[in-house]
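Heads up, the thing below is written out as structure tokens.
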Amino acid sequence: FLIEKGAFRHFMAKEMHEQPEVVAHTLAHYLDMANETVQLPELPFDFAKLERISIAACGTAYYAGLIAKYWFERYARLPVEIDVASEFRYREAPLPANGLAIVISQSGETADTLASLRYAGQEKQHLLAVVNVPTSTIAREAHAVLPTLAGPEIGVASTKAFTCQLATLAALAVAAGRARGAISAEEERALVHALVEVPRLMNRALDLGPDIEHLARSFAKTKDVLYLGRGTSFPLAMEGALKLKEISYIHAEGYAAGELKHGPIALIDENMPVVVIAPHDAVFEKTMSNMQEVAARGGRVILITDEAGAKHAALETEATLVLPDMNPFITPLVYAIPVQLLAYHTAVAMGTDVDQPRNLAKSVTVE
Ligand code: AGP
């Protein structure tokens, strides 16, 4: 155990720092880097003929699926419905003829996710699994498997499995876009080019570690944290809140920034940090106006953005974490890192058991 942790204090730290490498490895498996095209193994269905995708997963894998929904709809013009597996398996949803069910799981053993796969099988869906453990039950029962090449993940809080799930699903969404004629060859090249950049950008994100460690000291004293984002930054906000809850035991919630005024704004006071995830993308200005609403009520704003965003954010923040500018397609993969680091350093500052948080199991094989 100790030897495997190497120079790191926790498996979670080691696994966060492995991300540039394992994501590069996963991308290399699904992309033709030289020609900047996707190159997936042959799949037993035709994207062009699919009516709909249904995704089921739990926890962090569910948030990866939610990000993928934005990608499939935007780049492949393919409708996606998504549910947490514990709901999907029981709600008897009618599934279309020529539908594809995708389950996403690190362990490949999560009971509700496996049951969702079986339900979709009974409903005659094509069954695709995105899994990290290739010998798992889910991998065995699906019609096709896209492995995430994250390597063994020991920390209970999922980090590198999540970003490898995103890398795999991003490649799949581009492949779907190409098969459906929703993107041109040129657009495909631009999207693949952006994916190829991810490992380098992840290293830049890891460089924010010392700043985040400093910020985490004040986080360790708070009771509640709100995470806000729009577009693919919305699921990432929920993932950030989950990560913080799991390992620091601080209550946190992730919200779509546009929902702020429909309720959570009542919570804002000078004690509650609000983490705003806002790359300079098409919805940046909208998120900024939500951030202004927080600041106007004395809220403590922590902004995670890029260079262009930092330039345009006309507002004082408690802290601004600045990443390089990048194609909006890939932001969830890179922004995942500061979000994970914030949870990690907060937990370390509080002295919790980061790799084995209370009440949690790495793999939930019972209902
Ligand atoms: C993530 O940090 C969690 N520990 C948890 O939500 C996890 O993602 C979930 O239990 C799903 O597990 P799986 O990917 O092995 O199916």
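Chain labels A, B, ... are given in the sequence in which chains occur in the structure tokens; within each chain residues are numbered consecutively from 1, and ligands are likewise numbered from 1 in the order shown.
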
>> Please return as number ranges by chain the residues found within 6 Å of ligand 1, counting only C-alpha atoms and all ligand atoms.
In response: A: 58-61, 105-108, 110, 156-158, 243, 362-364

DSSP on the backbone, then: every residue of region 25-249 of chain A marked helix (DSSP H, G or I), written as a compact mmCIF listing (two decimals) with N, CA and C atoms, in the first residue's frame.
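What landed in part.txt:
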```txt
# COMPACT_ATOMS: atom_id res chain seq x y z
N HIS A 25 -3.64 8.31 -22.07
CA HIS A 25 -3.67 6.90 -22.44
C HIS A 25 -5.06 6.52 -22.97
N THR A 26 -6.09 6.98 -22.27
CA THR A 26 -7.47 6.69 -22.69
C THR A 26 -7.77 7.34 -24.03
N LEU A 27 -7.34 8.60 -24.19
CA LEU A 27 -7.59 9.29 -25.46
C LEU A 27 -6.87 8.60 -26.61
N ALA A 28 -5.64 8.15 -26.35
CA ALA A 28 -4.86 7.49 -27.41
C ALA A 28 -5.57 6.24 -27.89
N HIS A 29 -6.35 5.64 -27.00
CA HIS A 29 -7.10 4.42 -27.34
C HIS A 29 -8.27 4.71 -28.30
N TYR A 30 -8.81 5.92 -28.21
CA TYR A 30 -10.02 6.23 -28.99
C TYR A 30 -9.84 7.26 -30.10
N PHE A 47 -24.92 4.61 -35.12
CA PHE A 47 -25.35 5.88 -34.51
C PHE A 47 -26.38 6.61 -35.37
N ALA A 48 -26.20 6.50 -36.70
CA ALA A 48 -27.08 7.24 -37.60
C ALA A 48 -28.54 6.79 -37.45
N LYS A 49 -28.73 5.54 -37.01
CA LYS A 49 -30.10 5.01 -36.92
C LYS A 49 -30.69 5.09 -35.51
N GLY A 59 -23.68 8.35 -8.69
CA GLY A 59 -22.65 9.21 -8.12
C GLY A 59 -21.85 9.95 -9.18
N THR A 60 -20.55 9.88 -9.03
CA THR A 60 -19.66 10.58 -9.94
C THR A 60 -19.84 10.12 -11.39
N ALA A 61 -20.07 8.83 -11.58
CA ALA A 61 -20.27 8.31 -12.94
C ALA A 61 -21.53 8.92 -13.55
N TYR A 62 -22.53 9.18 -12.71
CA TYR A 62 -23.76 9.84 -13.18
C TYR A 62 -23.45 11.26 -13.67
N TYR A 63 -22.60 11.96 -12.95
CA TYR A 63 -22.25 13.32 -13.39
C TYR A 63 -21.46 13.29 -14.70
N ALA A 64 -20.64 12.27 -14.88
CA ALA A 64 -19.94 12.12 -16.17
C ALA A 64 -20.98 11.94 -17.28
N GLY A 65 -22.02 11.14 -16.98
CA GLY A 65 -23.08 10.91 -17.96
C GLY A 65 -23.85 12.19 -18.28
N LEU A 66 -24.06 12.99 -17.26
CA LEU A 66 -24.79 14.26 -17.45
C LEU A 66 -23.99 15.21 -18.36
N ILE A 67 -22.70 15.24 -18.18
CA ILE A 67 -21.84 16.06 -19.07
C ILE A 67 -21.93 15.51 -20.49
N ALA A 68 -21.91 14.19 -20.60
CA ALA A 68 -21.98 13.57 -21.94
C ALA A 68 -23.30 13.87 -22.63
N LYS A 69 -24.36 14.02 -21.85
CA LYS A 69 -25.66 14.38 -22.45
C LYS A 69 -25.53 15.70 -23.21
N TYR A 70 -24.87 16.67 -22.61
CA TYR A 70 -24.67 17.96 -23.31
C TYR A 70 -23.91 17.72 -24.62
N TRP A 71 -22.90 16.88 -24.57
CA TRP A 71 -22.08 16.63 -25.76
C TRP A 71 -22.87 15.90 -26.86
N PHE A 72 -23.57 14.83 -26.48
CA PHE A 72 -24.31 14.06 -27.50
C PHE A 72 -25.39 14.94 -28.15
N GLU A 73 -26.03 15.75 -27.35
CA GLU A 73 -27.10 16.57 -27.91
C GLU A 73 -26.53 17.68 -28.79
N ARG A 74 -25.46 18.28 -28.33
CA ARG A 74 -24.88 19.42 -29.06
C ARG A 74 -24.14 18.97 -30.32
N TYR A 75 -23.28 17.97 -30.18
CA TYR A 75 -22.40 17.63 -31.30
C TYR A 75 -22.95 16.51 -32.19
N ALA A 76 -23.89 15.71 -31.68
CA ALA A 76 -24.44 14.61 -32.50
C ALA A 76 -25.93 14.79 -32.76
N ALA A 85 -29.12 5.50 -11.55
CA ALA A 85 -29.49 4.11 -11.81
C ALA A 85 -30.56 3.60 -10.84
N SER A 86 -30.53 4.10 -9.60
CA SER A 86 -31.52 3.62 -8.61
C SER A 86 -32.94 4.07 -8.95
N GLU A 87 -33.08 5.10 -9.77
CA GLU A 87 -34.40 5.50 -10.27
C GLU A 87 -34.70 4.80 -11.59
N PHE A 88 -33.74 4.79 -12.48
CA PHE A 88 -33.96 4.21 -13.81
C PHE A 88 -34.46 2.77 -13.72
N ALA A 111 -24.64 -2.22 -7.91
CA ALA A 111 -25.86 -3.03 -8.04
C ALA A 111 -26.93 -2.33 -8.88
N ASP A 112 -27.20 -1.07 -8.61
CA ASP A 112 -28.26 -0.36 -9.34
C ASP A 112 -27.91 -0.16 -10.81
N THR A 113 -26.64 0.05 -11.08
CA THR A 113 -26.21 0.26 -12.47
C THR A 113 -26.33 -1.04 -13.26
N LEU A 114 -25.94 -2.13 -12.61
CA LEU A 114 -26.08 -3.44 -13.24
C LEU A 114 -27.56 -3.75 -13.50
N ALA A 115 -28.41 -3.45 -12.53
CA ALA A 115 -29.85 -3.71 -12.71
C ALA A 115 -30.41 -2.84 -13.85
N SER A 116 -29.90 -1.63 -13.99
CA SER A 116 -30.35 -0.75 -15.08
C SER A 116 -29.95 -1.34 -16.44
N LEU A 117 -28.75 -1.88 -16.49
CA LEU A 117 -28.29 -2.51 -17.73
C LEU A 117 -29.21 -3.68 -18.09
N ARG A 118 -29.57 -4.45 -17.08
CA ARG A 118 -30.44 -5.62 -17.33
C ARG A 118 -31.84 -5.16 -17.76
N TYR A 119 -32.34 -4.12 -17.15
CA TYR A 119 -33.66 -3.59 -17.53
C TYR A 119 -33.62 -3.15 -19.00
N ALA A 120 -32.58 -2.41 -19.36
CA ALA A 120 -32.47 -1.91 -20.74
C ALA A 120 -32.35 -3.09 -21.71
N GLY A 121 -31.71 -4.15 -21.27
CA GLY A 121 -31.59 -5.36 -22.11
C GLY A 121 -32.96 -5.98 -22.35
N GLN A 122 -33.78 -6.04 -21.29
CA GLN A 122 -35.14 -6.58 -21.45
C GLN A 122 -35.95 -5.72 -22.41
N THR A 137 -18.74 -7.51 -13.81
CA THR A 137 -20.02 -8.07 -14.25
C THR A 137 -20.65 -7.19 -15.33
N ILE A 138 -20.62 -5.88 -15.13
CA ILE A 138 -21.23 -4.98 -16.13
C ILE A 138 -20.51 -5.13 -17.47
N ALA A 139 -19.20 -5.21 -17.45
CA ALA A 139 -18.44 -5.37 -18.70
C ALA A 139 -18.82 -6.68 -19.39
N ARG A 140 -19.05 -7.70 -18.61
CA ARG A 140 -19.40 -9.02 -19.19
C ARG A 140 -20.79 -9.02 -19.78
N GLU A 141 -21.72 -8.30 -19.16
CA GLU A 141 -23.12 -8.39 -19.60
C GLU A 141 -23.49 -7.41 -20.73
N LYS A 160 -9.60 10.06 -11.07
CA LYS A 160 -9.09 9.74 -12.40
C LYS A 160 -10.08 8.87 -13.20
N ALA A 161 -10.91 8.08 -12.51
CA ALA A 161 -11.92 7.31 -13.25
C ALA A 161 -12.90 8.28 -13.91
N PHE A 162 -13.25 9.34 -13.19
CA PHE A 162 -14.20 10.35 -13.71
C PHE A 162 -13.65 11.01 -14.98
N THR A 163 -12.43 11.49 -14.94
CA THR A 163 -11.91 12.21 -16.12
C THR A 163 -11.67 11.23 -17.28
N CYS A 164 -11.34 9.97 -16.97
CA CYS A 164 -11.22 8.99 -18.06
C CYS A 164 -12.59 8.63 -18.64
N GLN A 165 -13.62 8.64 -17.79
CA GLN A 165 -14.99 8.45 -18.32
C GLN A 165 -15.33 9.59 -19.27
N LEU A 166 -14.98 10.81 -18.86
CA LEU A 166 -15.26 11.97 -19.71
C LEU A 166 -14.50 11.87 -21.03
N ALA A 167 -13.24 11.45 -20.97
CA ALA A 167 -12.43 11.33 -22.20
C ALA A 167 -13.08 10.33 -23.16
N THR A 168 -13.53 9.20 -22.61
CA THR A 168 -14.14 8.15 -23.43
C THR A 168 -15.47 8.64 -24.02
N LEU A 169 -16.27 9.28 -23.19
CA LEU A 169 -17.59 9.74 -23.66
C LEU A 169 -17.45 10.88 -24.66
N ALA A 170 -16.42 11.70 -24.48
CA ALA A 170 -16.19 12.80 -25.44
C ALA A 170 -15.85 12.22 -26.81
N ALA A 171 -14.98 11.22 -26.83
CA ALA A 171 -14.62 10.58 -28.11
C ALA A 171 -15.87 9.94 -28.73
N LEU A 172 -16.69 9.31 -27.89
CA LEU A 172 -17.91 8.66 -28.38
C LEU A 172 -18.87 9.69 -28.96
N ALA A 173 -18.99 10.83 -28.32
CA ALA A 173 -19.90 11.87 -28.81
C ALA A 173 -19.43 12.42 -30.15
N VAL A 174 -18.12 12.56 -30.32
CA VAL A 174 -17.60 13.03 -31.61
C VAL A 174 -17.85 11.96 -32.69
N ALA A 175 -17.64 10.70 -32.31
CA ALA A 175 -17.91 9.60 -33.28
C ALA A 175 -19.38 9.61 -33.67
N ALA A 176 -20.25 9.84 -32.71
CA ALA A 176 -21.70 9.89 -32.99
C ALA A 176 -22.01 11.07 -33.91
N GLY A 177 -21.38 12.19 -33.65
CA GLY A 177 -21.59 13.38 -34.48
C GLY A 177 -21.17 13.14 -35.91
N ARG A 178 -20.06 12.45 -36.06
CA ARG A 178 -19.58 12.15 -37.42
C ARG A 178 -20.54 11.19 -38.12
N ALA A 179 -20.92 10.11 -37.42
CA ALA A 179 -21.79 9.10 -38.03
C ALA A 179 -23.15 9.69 -38.42
N ALA A 185 -16.06 17.27 -41.20
CA ALA A 185 -14.71 16.71 -40.96
C ALA A 185 -13.84 17.75 -40.27
N GLU A 186 -14.04 18.99 -40.65
CA GLU A 186 -13.25 20.07 -40.05
C GLU A 186 -13.60 20.27 -38.57
N GLU A 187 -14.90 20.19 -38.27
CA GLU A 187 -15.32 20.31 -36.86
C GLU A 187 -14.80 19.13 -36.05
N GLU A 188 -14.83 17.95 -36.65
CA GLU A 188 -14.30 16.77 -35.95
C GLU A 188 -12.82 17.00 -35.61
N ARG A 189 -12.07 17.50 -36.58
CA ARG A 189 -10.64 17.74 -36.34
C ARG A 189 -10.43 18.75 -35.20
N ALA A 190 -11.26 19.78 -35.19
CA ALA A 190 -11.11 20.80 -34.13
C ALA A 190 -11.43 20.22 -32.76
N LEU A 191 -12.45 19.37 -32.70
CA LEU A 191 -12.82 18.77 -31.40
C LEU A 191 -11.75 17.79 -30.94
N VAL A 192 -11.24 16.98 -31.87
CA VAL A 192 -10.19 16.02 -31.51
C VAL A 192 -8.92 16.77 -31.11
N HIS A 193 -8.63 17.83 -31.83
CA HIS A 193 -7.46 18.64 -31.50
C HIS A 193 -7.59 19.16 -30.06
N ALA A 194 -8.79 19.60 -29.71
CA ALA A 194 -9.02 20.10 -28.35
C ALA A 194 -8.79 18.98 -27.33
N LEU A 195 -9.27 17.77 -27.64
CA LEU A 195 -9.09 16.64 -26.71
C LEU A 195 -7.60 16.31 -26.52
N VAL A 196 -6.87 16.38 -27.60
CA VAL A 196 -5.43 16.06 -27.53
C VAL A 196 -4.71 17.03 -26.57
N VAL A 198 -5.85 18.14 -23.81
CA VAL A 198 -6.30 18.00 -22.41
C VAL A 198 -5.17 17.64 -21.43
N PRO A 199 -4.34 16.63 -21.70
CA PRO A 199 -3.32 16.29 -20.70
C PRO A 199 -2.40 17.46 -20.35
N ARG A 200 -2.00 18.23 -21.35
CA ARG A 200 -1.14 19.39 -21.10
C ARG A 200 -1.88 20.42 -20.20
N LEU A 201 -3.14 20.65 -20.52
CA LEU A 201 -3.92 21.61 -19.74
C LEU A 201 -4.16 21.10 -18.31
N MET A 202 -4.30 19.79 -18.18
CA MET A 202 -4.47 19.20 -16.83
C MET A 202 -3.23 19.46 -15.99
N ASN A 203 -2.07 19.40 -16.60
CA ASN A 203 -0.84 19.69 -15.85
C ASN A 203 -0.83 21.13 -15.37
N ARG A 204 -1.32 22.02 -16.21
CA ARG A 204 -1.40 23.43 -15.80
C ARG A 204 -2.38 23.59 -14.63
N ALA A 205 -3.47 22.82 -14.69
CA ALA A 205 -4.47 22.88 -13.62
C ALA A 205 -3.87 22.36 -12.30
N LEU A 206 -3.06 21.32 -12.41
CA LEU A 206 -2.42 20.77 -11.19
C LEU A 206 -1.48 21.79 -10.56
N GLY A 209 -2.30 23.78 -7.39
CA GLY A 209 -2.32 23.11 -6.09
C GLY A 209 -2.00 24.01 -4.90
N PRO A 210 -0.85 24.70 -4.89
CA PRO A 210 -0.51 25.52 -3.72
C PRO A 210 -1.54 26.63 -3.43
N ASP A 211 -2.05 27.28 -4.46
CA ASP A 211 -3.09 28.31 -4.26
C ASP A 211 -4.34 27.69 -3.63
N ILE A 212 -4.69 26.52 -4.13
CA ILE A 212 -5.91 25.87 -3.64
C ILE A 212 -5.71 25.39 -2.20
N GLU A 213 -4.52 24.94 -1.90
CA GLU A 213 -4.22 24.50 -0.53
C GLU A 213 -4.42 25.67 0.44
N HIS A 214 -3.98 26.83 0.02
CA HIS A 214 -4.12 28.03 0.83
C HIS A 214 -5.61 28.36 1.04
N LEU A 215 -6.35 28.33 -0.05
CA LEU A 215 -7.78 28.63 0.00
C LEU A 215 -8.54 27.64 0.88
N ALA A 216 -8.10 26.38 0.83
CA ALA A 216 -8.79 25.31 1.56
C ALA A 216 -8.77 25.54 3.07
N ARG A 217 -7.77 26.27 3.55
CA ARG A 217 -7.71 26.51 5.01
C ARG A 217 -8.94 27.27 5.48
N SER A 218 -9.44 28.20 4.67
CA SER A 218 -10.66 28.90 5.09
C SER A 218 -11.90 28.04 4.84
N PHE A 219 -11.84 27.18 3.84
CA PHE A 219 -12.96 26.27 3.59
C PHE A 219 -13.19 25.33 4.76
N SER A 233 -20.60 22.92 -17.03
CA SER A 233 -20.08 23.28 -15.70
C SER A 233 -21.13 23.05 -14.60
N PHE A 234 -22.39 22.83 -15.01
CA PHE A 234 -23.42 22.53 -14.00
C PHE A 234 -23.22 21.13 -13.41
N PRO A 235 -23.13 20.07 -14.25
CA PRO A 235 -22.81 18.77 -13.63
C PRO A 235 -21.49 18.79 -12.86
N LEU A 236 -20.53 19.56 -13.35
CA LEU A 236 -19.25 19.62 -12.65
C LEU A 236 -19.43 20.30 -11.28
N ALA A 237 -20.34 21.25 -11.20
CA ALA A 237 -20.65 21.88 -9.91
C ALA A 237 -21.19 20.82 -8.94
N MET A 238 -22.05 19.95 -9.45
CA MET A 238 -22.59 18.88 -8.58
C MET A 238 -21.50 17.89 -8.19
N GLU A 239 -20.60 17.62 -9.11
CA GLU A 239 -19.49 16.72 -8.80
C GLU A 239 -18.58 17.36 -7.74
N GLY A 240 -18.34 18.66 -7.85
CA GLY A 240 -17.52 19.35 -6.86
C GLY A 240 -18.14 19.27 -5.48
N ALA A 241 -19.46 19.45 -5.43
CA ALA A 241 -20.16 19.39 -4.15
C ALA A 241 -20.10 17.98 -3.57
N LEU A 242 -20.26 16.98 -4.43
CA LEU A 242 -20.20 15.59 -3.97
C LEU A 242 -18.82 15.27 -3.39
N LYS A 243 -17.79 15.70 -4.12
CA LYS A 243 -16.42 15.44 -3.68
C LYS A 243 -16.18 16.04 -2.30
N LEU A 244 -16.62 17.30 -2.12
CA LEU A 244 -16.39 17.97 -0.84
C LEU A 244 -17.15 17.26 0.28
N LYS A 245 -18.41 16.91 0.03
CA LYS A 245 -19.21 16.20 1.03
C LYS A 245 -18.55 14.89 1.44
N GLU A 246 -18.14 14.13 0.44
CA GLU A 246 -17.62 12.78 0.70
C GLU A 246 -16.41 12.78 1.63
N ILE A 247 -15.47 13.68 1.39
CA ILE A 247 -14.21 13.54 2.12
C ILE A 247 -13.99 14.58 3.21
N SER A 248 -14.74 15.70 3.17
CA SER A 248 -14.54 16.70 4.24
C SER A 248 -15.74 16.75 5.19
```

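Distances here use only C-alpha atoms; by that measure, the residue among A:Ala310, A:Val334, A:Leu50, A:Ala57 closest to Pro79 (chain A) is A:Leu50.
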
Arg230 (chain A) surroundings by only C-alpha atoms, 9 Å radius, close-in-sequence under 4 positions cut, as a PDB file with C-alpha atoms, in the first residue's frame:
```pdb
ATOM      1  CA  PHE A 234     -23.420  22.530 -14.005  1.00  0.00           C
ATOM      2  CA  PRO A 235     -22.810  18.768 -13.632  1.00  0.00           C
ATOM      3  CA  ALA A 237     -20.648  21.878  -9.906  1.00  0.00           C
ATOM      4  CA  TYR A 255     -26.756  24.128  -8.632  1.00  0.00           C
ATOM      5  CA  ALA A 256     -27.382  25.328 -12.141  1.00  0.00           C
ATOM      6  CA  ALA A 257     -26.388  28.996 -11.826  1.00  0.00           C
ATOM      7  CA  GLY A 258     -29.683  30.057 -13.423  1.00  0.00           C
ATOM      8  CA  ILE A 277     -17.257  27.456 -12.278  1.00  0.00           C
ATOM      9  CA  ALA A 278     -17.251  29.748 -15.293  1.00  0.00           C
ATOM     10  CA  VAL A 283     -22.930  31.325 -21.150  1.00  0.00           C
ATOM     11  CA  PHE A 284     -20.152  33.178 -19.310  1.00  0.00           C
ATOM     12  CA  LYS A 286     -25.074  34.830 -17.726  1.00  0.00           C
ATOM     13  CA  THR A 287     -23.033  33.161 -15.011  1.00  0.00           C
TER      14      THR A 287
END
```

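Between CA of Lys14 (chain A) and CA of Pro338 (chain A) the separation is 14.7 Å.
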
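Taking the backbone of this structure through DSSP, the residues of region 151-367 of chain A that come out as strand (DSSP E or B) are Asp224, Val225, Leu226, Tyr227, Leu228, Gly229, His251, Ala252, Glu253, Gly254, Tyr255, Ala256, Pro273, Val274, Val275, Val276, Ile277, Arg300, Val301, Ile302, Leu303, Ile304, Thr305, Asp306, Ala319, Thr320, Leu321, Val322 and Leu323 of chain A.
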
Residues of the last selection are to be written out with C-alpha atoms, as an mmCIF file, in the first residue's frame.
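After the write, again-v6.cif holds the following:
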```cif
data_model
loop_
_atom_site.group_PDB
_atom_site.id
_atom_site.type_symbol
_atom_site.label_atom_id
_atom_site.label_comp_id
_atom_site.auth_asym_id
_atom_site.auth_seq_id
_atom_site.Cartn_x
_atom_site.Cartn_y
_atom_site.Cartn_z
ATOM 1 C CA ASP A 224 -21.902 24.882 3.804
ATOM 2 C CA VAL A 225 -20.604 25.525 0.313
ATOM 3 C CA LEU A 226 -22.556 26.221 -2.851
ATOM 4 C CA TYR A 227 -21.173 25.336 -6.299
ATOM 5 C CA LEU A 228 -22.642 27.011 -9.377
ATOM 6 C CA GLY A 229 -22.199 26.458 -13.101
ATOM 7 C CA HIS A 251 -22.417 20.165 3.431
ATOM 8 C CA ALA A 252 -22.312 21.281 -0.188
ATOM 9 C CA GLU A 253 -24.728 21.634 -3.063
ATOM 10 C CA GLY A 254 -24.222 22.003 -6.777
ATOM 11 C CA TYR A 255 -26.756 24.128 -8.632
ATOM 12 C CA ALA A 256 -27.382 25.328 -12.141
ATOM 13 C CA PRO A 273 -18.426 30.310 0.090
ATOM 14 C CA VAL A 274 -19.880 30.082 -3.402
ATOM 15 C CA VAL A 275 -17.679 28.348 -5.943
ATOM 16 C CA VAL A 276 -18.506 29.626 -9.416
ATOM 17 C CA ILE A 277 -17.257 27.456 -12.278
ATOM 18 C CA ARG A 300 -17.912 34.918 -0.639
ATOM 19 C CA VAL A 301 -17.162 34.221 -4.288
ATOM 20 C CA ILE A 302 -14.486 31.780 -5.428
ATOM 21 C CA LEU A 303 -14.290 31.963 -9.194
ATOM 22 C CA ILE A 304 -12.753 29.228 -11.328
ATOM 23 C CA THR A 305 -12.263 30.579 -14.831
ATOM 24 C CA ASP A 306 -9.722 31.085 -17.624
ATOM 25 C CA ALA A 319 -10.195 34.128 -4.823
ATOM 26 C CA THR A 320 -9.948 33.596 -8.563
ATOM 27 C CA LEU A 321 -8.351 30.440 -9.902
ATOM 28 C CA VAL A 322 -7.217 31.017 -13.465
ATOM 29 C CA LEU A 323 -6.760 28.247 -16.032
#
```

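CA of Gly155 (chain A) is found 26.1 Å from CA of Ala142 (chain A).
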
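Computed from the coordinates, the CA of His312 (chain A) to CA of Pro324 (chain A) distance equals 14.3 Å.
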